[in-house]
Structure formats: C-alpha cells, structure tokens
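Enquirer: You'll find input_23.tsv just under this line, and it carries TSV, C-alpha atoms.
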```tsv
chain	number	residue	atom	x	y	z
A	1	GLY	CA	6.26	1.39	-19.85
A	2	ASP	CA	2.72	0.13	-19.44
A	3	SER	CA	-0.09	2.25	-20.85
A	4	VAL	CA	-3.86	2.16	-21.37
A	5	THR	CA	-5.74	4.03	-24.09
A	6	GLN	CA	-9.48	4.59	-23.93
A	7	MET	CA	-11.81	5.91	-26.56
A	8	GLU	CA	-12.31	9.61	-26.30
A	9	GLY	CA	-15.45	10.83	-24.65
A	10	PRO	CA	-17.82	12.00	-23.56
A	11	VAL	CA	-20.37	9.45	-24.66
A	12	THR	CA	-24.07	10.31	-24.61
A	13	LEU	CA	-26.71	7.63	-25.14
A	14	SER	CA	-30.41	7.20	-24.75
A	15	GLU	CA	-31.75	4.74	-22.21
A	16	GLU	CA	-31.75	1.12	-23.47
A	17	ALA	CA	-29.08	1.84	-26.08
A	18	PHE	CA	-26.09	-0.46	-26.62
A	19	LEU	CA	-22.83	0.68	-25.06
A	20	THR	CA	-19.26	0.05	-26.18
A	21	ILE	CA	-16.26	1.80	-24.63
A	22	ASN	CA	-13.01	0.84	-26.31
A	23	CYS	CA	-9.85	0.12	-24.37
A	24	THR	CA	-6.46	-0.99	-25.64
A	25	TYR	CA	-3.28	-1.52	-23.70
A	26	THR	CA	0.48	-1.85	-23.95
A	27	ALA	CA	2.25	-3.98	-21.38
A	28	THR	CA	5.07	-6.43	-20.93
A	29	GLY	CA	4.30	-9.79	-19.50
A	30	TYR	CA	0.80	-10.88	-18.68
A	31	PRO	CA	-1.20	-8.10	-17.07
A	32	SER	CA	-4.58	-8.35	-15.42
A	33	LEU	CA	-7.22	-6.01	-16.81
A	34	PHE	CA	-9.93	-4.06	-14.99
A	35	TRP	CA	-12.82	-1.68	-15.50
A	36	TYR	CA	-13.53	0.77	-12.69
A	37	VAL	CA	-16.50	3.13	-12.44
A	38	GLN	CA	-16.57	6.49	-10.67
A	39	TYR	CA	-19.87	8.11	-9.77
A	40	PRO	CA	-19.93	11.85	-9.01
A	41	GLY	CA	-18.34	12.65	-5.66
A	42	GLU	CA	-17.35	9.07	-5.00
A	43	GLY	CA	-14.23	6.93	-5.17
A	44	LEU	CA	-13.56	4.36	-7.86
A	45	GLN	CA	-15.43	1.07	-7.69
A	46	LEU	CA	-14.28	-2.13	-9.33
A	47	LEU	CA	-16.79	-3.05	-12.04
A	48	LEU	CA	-15.19	-6.18	-13.49
A	49	LYS	CA	-11.85	-7.82	-14.14
A	50	ALA	CA	-10.09	-10.49	-16.21
A	51	THR	CA	-6.79	-12.05	-15.29
A	52	LYS	CA	-5.79	-13.97	-18.40
A	53	ALA	CA	-6.34	-14.07	-22.16
A	54	ASP	CA	-9.86	-14.93	-23.34
A	55	ASP	CA	-11.31	-14.46	-19.84
A	56	LYS	CA	-14.61	-12.58	-19.79
A	57	GLY	CA	-15.36	-10.34	-16.84
A	58	SER	CA	-18.99	-9.47	-16.16
A	59	ASN	CA	-21.01	-7.56	-13.58
A	60	LYS	CA	-24.33	-5.67	-13.50
A	61	GLY	CA	-24.93	-6.36	-17.18
A	62	PHE	CA	-21.50	-5.08	-18.25
A	63	GLU	CA	-19.03	-7.39	-19.98
A	64	ALA	CA	-15.46	-7.22	-21.25
A	65	THR	CA	-13.27	-9.90	-22.83
A	66	TYR	CA	-9.47	-9.97	-22.47
A	67	ARG	CA	-8.19	-10.14	-26.08
A	68	LYS	CA	-4.45	-10.68	-26.10
A	69	GLU	CA	-4.17	-10.79	-29.90
A	70	THR	CA	-5.61	-7.29	-30.22
A	71	THR	CA	-4.43	-6.09	-26.77
A	72	SER	CA	-7.96	-4.92	-26.03
A	73	PHE	CA	-10.52	-5.04	-23.24
A	74	HIS	CA	-13.61	-3.28	-24.57
A	75	LEU	CA	-16.52	-2.64	-22.19
A	76	GLU	CA	-20.03	-3.47	-23.43
A	77	LYS	CA	-23.57	-3.36	-22.10
A	78	GLY	CA	-26.61	-4.35	-24.05
A	79	SER	CA	-29.07	-1.85	-22.57
A	80	VAL	CA	-27.88	1.13	-20.54
A	81	GLN	CA	-29.86	2.86	-17.82
A	82	VAL	CA	-29.80	6.42	-16.54
A	83	SER	CA	-28.15	5.11	-13.38
A	84	ASP	CA	-25.14	3.96	-15.46
A	85	SER	CA	-24.13	7.59	-15.99
A	86	ALA	CA	-20.60	7.84	-14.59
A	87	VAL	CA	-16.93	7.92	-15.59
A	88	TYR	CA	-15.49	4.56	-16.64
A	89	PHE	CA	-11.78	3.77	-16.35
A	90	CYS	CA	-9.91	0.91	-17.97
A	91	ALA	CA	-6.83	-0.21	-16.04
A	92	LEU	CA	-4.14	-2.85	-16.03
A	93	SER	CA	-2.05	-4.40	-13.30
A	94	ASP	CA	1.42	-5.57	-14.14
A	95	GLY	CA	1.22	-8.29	-11.52
A	96	ARG	CA	4.79	-7.78	-10.34
A	97	GLU	CA	5.16	-8.44	-6.65
A	98	THR	CA	7.64	-5.60	-6.26
A	99	SER	CA	5.06	-3.10	-7.44
A	100	GLY	CA	2.30	-4.53	-5.32
A	101	SER	CA	0.33	-4.95	-8.52
A	102	ARG	CA	0.03	-1.21	-9.09
A	103	LEU	CA	-2.67	-0.10	-11.51
A	104	THR	CA	-2.12	1.91	-14.68
A	105	PHE	CA	-5.30	3.74	-15.70
A	106	GLY	CA	-6.65	5.11	-18.91
A	107	GLU	CA	-7.95	8.66	-19.07
A	108	GLY	CA	-11.53	7.72	-18.39
A	109	THR	CA	-14.71	7.97	-20.47
A	110	GLN	CA	-17.65	10.05	-19.27
A	111	LEU	CA	-20.94	8.30	-20.01
A	112	THR	CA	-24.23	10.17	-19.85
A	113	VAL	CA	-27.47	8.25	-20.33
A	114	ASN	CA	-30.58	10.30	-21.05
A	115	PRO	CA	-34.10	9.06	-20.29
B	1	ASP	CA	-16.08	-2.03	8.51
B	2	THR	CA	-17.09	1.01	6.49
B	3	GLY	CA	-14.46	0.76	3.77
B	4	VAL	CA	-11.50	3.04	3.11
B	5	SER	CA	-11.80	6.41	4.84
B	6	GLN	CA	-9.96	9.55	3.85
B	7	ASP	CA	-9.73	12.80	5.73
B	8	PRO	CA	-10.29	15.60	4.98
B	9	ARG	CA	-12.61	15.41	1.98
B	10	HIS	CA	-11.59	18.86	0.83
B	11	LYS	CA	-8.60	21.05	1.57
B	12	ILE	CA	-7.89	24.56	0.36
B	13	THR	CA	-4.43	25.87	1.11
B	14	LYS	CA	-2.23	28.77	0.14
B	15	ARG	CA	0.80	28.14	-2.02
B	16	GLY	CA	3.84	27.37	0.08
B	17	GLN	CA	1.93	25.84	2.97
B	18	ASN	CA	2.27	22.23	4.10
B	19	VAL	CA	-0.68	19.85	4.07
B	20	THR	CA	-1.23	16.36	5.44
B	21	PHE	CA	-3.88	13.86	4.44
B	22	ARG	CA	-4.92	10.73	6.28
B	23	CYS	CA	-6.12	7.36	4.99
B	24	ASP	CA	-7.66	4.59	7.08
B	25	PRO	CA	-7.74	1.37	5.04
B	26	ILE	CA	-9.97	-1.63	5.59
B	27	SER	CA	-8.60	-3.13	8.78
B	28	GLU	CA	-7.53	-6.52	7.45
B	29	HIS	CA	-5.89	-5.12	4.31
B	30	ASN	CA	-2.10	-5.08	4.49
B	31	ARG	CA	-1.57	-3.31	1.16
B	32	LEU	CA	-2.15	0.42	0.87
B	33	TYR	CA	-1.77	2.66	-2.17
B	34	TRP	CA	-1.83	6.38	-2.88
B	35	TYR	CA	-2.88	7.74	-6.28
B	36	ARG	CA	-3.32	11.25	-7.63
B	37	GLN	CA	-6.09	12.20	-10.07
B	38	THR	CA	-6.24	15.48	-11.93
B	39	LEU	CA	-9.34	16.74	-13.69
B	40	GLY	CA	-10.21	14.72	-16.76
B	41	GLN	CA	-7.44	12.20	-16.21
B	42	GLY	CA	-7.16	8.73	-14.77
B	43	PRO	CA	-5.51	8.15	-11.40
B	44	GLU	CA	-1.70	8.03	-11.36
B	45	PHE	CA	0.22	5.81	-8.97
B	46	LEU	CA	2.19	7.58	-6.25
B	47	THR	CA	3.30	4.98	-3.72
B	48	TYR	CA	2.61	1.56	-2.22
B	49	PHE	CA	2.92	0.12	1.28
B	50	GLN	CA	2.86	-3.45	2.40
B	51	ASN	CA	2.19	-3.29	6.12
B	52	GLU	CA	4.49	-0.51	7.37
B	53	ALA	CA	7.08	-0.87	4.60
B	54	GLN	CA	7.00	1.59	1.70
B	55	LEU	CA	7.96	-0.71	-1.17
B	56	GLU	CA	7.62	1.52	-4.20
B	57	LYS	CA	7.47	5.22	-5.00
B	58	SER	CA	6.63	6.79	-8.34
B	59	ARG	CA	8.86	9.39	-9.91
B	60	LEU	CA	5.80	11.64	-9.54
B	61	LEU	CA	6.50	11.68	-5.83
B	62	SER	CA	8.96	14.56	-5.62
B	63	ASP	CA	11.01	15.28	-2.52
B	64	ARG	CA	8.23	17.58	-1.33
B	65	PHE	CA	5.99	14.55	-0.90
B	66	SER	CA	6.33	12.03	1.90
B	67	ALA	CA	4.12	9.16	2.94
B	68	GLU	CA	4.14	7.04	6.05
B	69	ARG	CA	2.31	4.07	7.46
B	70	PRO	CA	3.86	3.86	10.91
B	71	LYS	CA	2.08	0.85	12.38
B	72	GLY	CA	0.87	-0.80	9.23
B	73	SER	CA	-2.61	0.57	9.73
B	74	PHE	CA	-3.49	4.17	8.75
B	75	SER	CA	-1.30	6.17	6.39
B	76	THR	CA	-0.49	9.85	5.96
B	77	LEU	CA	0.58	11.74	2.85
B	78	GLU	CA	2.30	15.08	3.43
B	79	ILE	CA	3.02	17.70	0.80
B	80	GLN	CA	5.48	20.40	1.79
B	81	ARG	CA	5.67	23.86	0.20
B	82	THR	CA	2.57	23.24	-1.89
B	83	GLU	CA	2.44	24.49	-5.48
B	84	GLN	CA	-0.57	25.17	-7.68
B	85	GLY	CA	0.31	22.10	-9.72
B	86	ASP	CA	-0.35	19.96	-6.65
B	87	SER	CA	-4.07	20.71	-6.95
B	88	ALA	CA	-5.70	17.33	-7.53
B	89	MET	CA	-7.74	14.56	-5.97
B	90	TYR	CA	-5.59	12.31	-3.79
B	91	LEU	CA	-6.96	8.79	-3.64
B	92	CYS	CA	-6.11	6.05	-1.18
B	93	ALA	CA	-6.84	2.38	-1.78
B	94	SER	CA	-6.27	-0.86	0.09
B	95	SER	CA	-6.17	-4.53	-0.80
B	96	PRO	CA	-5.70	-7.77	1.13
B	97	ASP	CA	-3.39	-9.34	-1.45
B	98	ARG	CA	-2.46	-9.51	-5.13
B	99	ALA	CA	-5.42	-11.64	-6.11
B	100	HIS	CA	-8.03	-9.11	-5.03
B	101	GLY	CA	-8.83	-5.76	-6.52
B	102	TYR	CA	-8.49	-2.53	-4.65
B	103	THR	CA	-11.06	-0.74	-2.52
B	104	PHE	CA	-10.74	2.99	-3.05
B	105	GLY	CA	-11.61	5.75	-0.65
B	106	SER	CA	-13.60	8.80	-1.74
B	107	GLY	CA	-10.45	10.89	-1.95
B	108	THR	CA	-9.18	14.22	-0.64
B	109	ARG	CA	-9.56	17.12	-3.06
B	110	LEU	CA	-6.69	19.59	-2.67
B	111	THR	CA	-6.90	23.11	-4.05
B	112	VAL	CA	-3.79	25.27	-3.85
B	113	VAL	CA	-4.49	28.97	-4.27
```
As structure tokens, please, write out the structure in this file.

Expert:
Amino acid sequence: GDSVTQMEGPVTLSEEAFLTINCTYTATGYPSLFWYVQYPGEGLQLLLKATKADDKGSNKGFEATYRKETTSFHLEKGSVQVSDSAVYFCALSDGRETSGSRLTFGEGTQLTVNP
Amino acid sequence: DTGVSQDPRHKITKRGQNVTFRCDPISEHNRLYWYRQTLGQGPEFLTYFQNEAQLEKSRLLSDRFSAERPKGSFSTLEIQRTEQGDSAMYLCASSPDRAHGYTFGSGTRLTVV
C-alpha cells in the first residue's frame, strides 16, 4: 500500500537557519503530494502541495519539489523563524475517486526554532 | 463560515463506556473525512463521506466504531465499549472536491481511563 517516510525528528534550529525536512514516498499511480503543519493545540493546516512530477509547491517561504525519479518531496526554507516551530507532516493522496482522495501521512517532524 | 468545528474538544471516559463525537464541516463542502492521530504519529484515515453516503471505511474502523452523516451536513463518530487503545485525537476534515485540499478541525482528544 501507499506509505510516506519522513526524516526522524525532532529538529532544533536557530533563527535564520536553513531548514530541510526529508520526505520520501511509495505509491502506485500518480499521487499528489502535500505538506501540512500542526501548531500546538490546533488542527492541521495545508502548507503547500504539488500535483504532478517536477511541480514546485511554495507558501510562506517554504518550498518543496515533486521528484518522481527519487520519489521525494523534501521541505525547505531558507531562513526559519521562531514562529515556524510546529510539527510538519508530509502526505500523499492517491487520487482515486473511490477513496475520495484519502491522505496517507508520514509520522511528522517536530521543528523547534530558538531565538 | 468559521471552518470545521468539532465537539467536544476533550473527552475523558471510563473503559467500556460509549462516546460520540460531532463534526460540523464547512457548509459548502460535500466531502467529509475522519482521521485518528495517536501521540507522535501522523493521522490515519478512518472513513470518508460524500454527502450522506459513506463511501469508504478503513480496516482500522472496527465494529465498535460507527460514523454517520445523516443529511449530508454534520457527522457523528461513535465508539462503543471504549478501550484504552482508543485514546487518541480524532480529527475531522472537509473538502469541496478532489482538486482542493482538506480543511481540518481542531480535533477531539479522547482519553479512556
């Protein structure tokens, strides 16, 4: 079945550092890929998405490129802020109509940014 | 519209009791999803509704679990004879169609003691 593997956390960085959170996936067909962010006590929020190979999703300074050849969708940000501290989830959608495009999530990566 | 609402936010129950959670999706969204999230893990799919029809259920959804969306608007998730392993965050999400991402609610945290 479909699966998503994220780099193990937690990740601790200083403000203005460069961030990479690795994500690889296994899926049949042509999934869509997502990054969600979860702040303490809140639900998941969509951060960015890419629906086909070589697409780049971007939002709030975060970027991720859909790499079909390496089955990866790594999240990057050039300069993190304290307010970026949260749990980040990589996810894929199989796109099948019968599943309503259900999401398969990775385990999540806790990011802490220190001032 | 204030997004996806879930009630209650927290629920503590004794093992063996029944519990019911409610989800109010964004009003124009016809797709509704339930996920379960345990500590340190990503959310796991439980079930999916399109309007009032329950179109898919995960194998995680044992016969103690039942979900309904009677009029294609709000949904309920009931767990009968709760077990300690049911302790988790139960997340609801809605979407207008396949092309759009989900909007998640803040979840209901269940603790079974």

Enquirer: What gap, in Å, lies between atom CA of A:Lys49 and atom CA of A:Gly29?

Expert: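 It comes out at 17.1 Å.
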
Enquirer: Could you list, as a ChimeraX atom specification, every residue of chain A that has an atom within 12 Å of an atom of chain B, counting all atoms listed in the file?

Expert: /A:3-6,8-10,32-51,87-110

Enquirer: I'd like to know which of B:Ile26, B:Ile79, B:Met89, B:Val113 is closest to B:Ser62, using only C-alpha atoms.

Expert: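 The answer is B:Ile79, which sits nearest to B:Ser62.
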
Enquirer: Could you tell me how far atom CA of A:Tyr25 lies from atom CA of A:Lys52, in Å and to one decimal?

Expert: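 Here the two named atoms are 13.8 Å from each other.
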
Enquirer: Quick one: pull the distance between atom CA of B:Ser27 and atom CA of B:Leu60, Å, one decimal.

Expert: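 Separating atom CA of B:Ser27 from atom CA of B:Leu60 is a distance of 27.6 Å.
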
Enquirer: Report as a CSV table (one decimal) with C-alpha atoms, keeping the file's coordinate frame all protein, DNA and RNA residues lying within 12 Å of B:Pro70, evaluated on only C-alpha atoms, omitting residues in the same chain fewer than 4 positions from it.

Expert:
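Listed below is the output, result-v1.csv:
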```csv
chain,number,residue,atom,x,y,z
B,49,PHE,CA,2.9,0.1,1.3
B,50,GLN,CA,2.9,-3.4,2.4
B,51,ASN,CA,2.2,-3.3,6.1
B,52,GLU,CA,4.5,-0.5,7.4
B,53,ALA,CA,7.1,-0.9,4.6
B,54,GLN,CA,7.0,1.6,1.7
B,74,PHE,CA,-3.5,4.2,8.8
B,75,SER,CA,-1.3,6.2,6.4
B,76,THR,CA,-0.5,9.8,6.0
B,77,LEU,CA,0.6,11.7,2.8
```

Enquirer: With only C-alpha atoms as the basis for distance, which of B:Arg36, B:Arg64, B:His10, B:Arg69 is at the shortest distance from B:Tyr90?

Expert: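 Selected residue with least distance to B:Tyr90: B:Arg36.
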
Enquirer: Taking into account all atoms listed in the file, which residue in the set A:Val11, A:Ile21, A:Val82, A:Leu111 is nearest to A:Ala64?

Expert: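 Of A:Val11, A:Ile21, A:Val82, A:Leu111, the one nearest A:Ala64, counting all atoms listed in the file, is A:Ile21.
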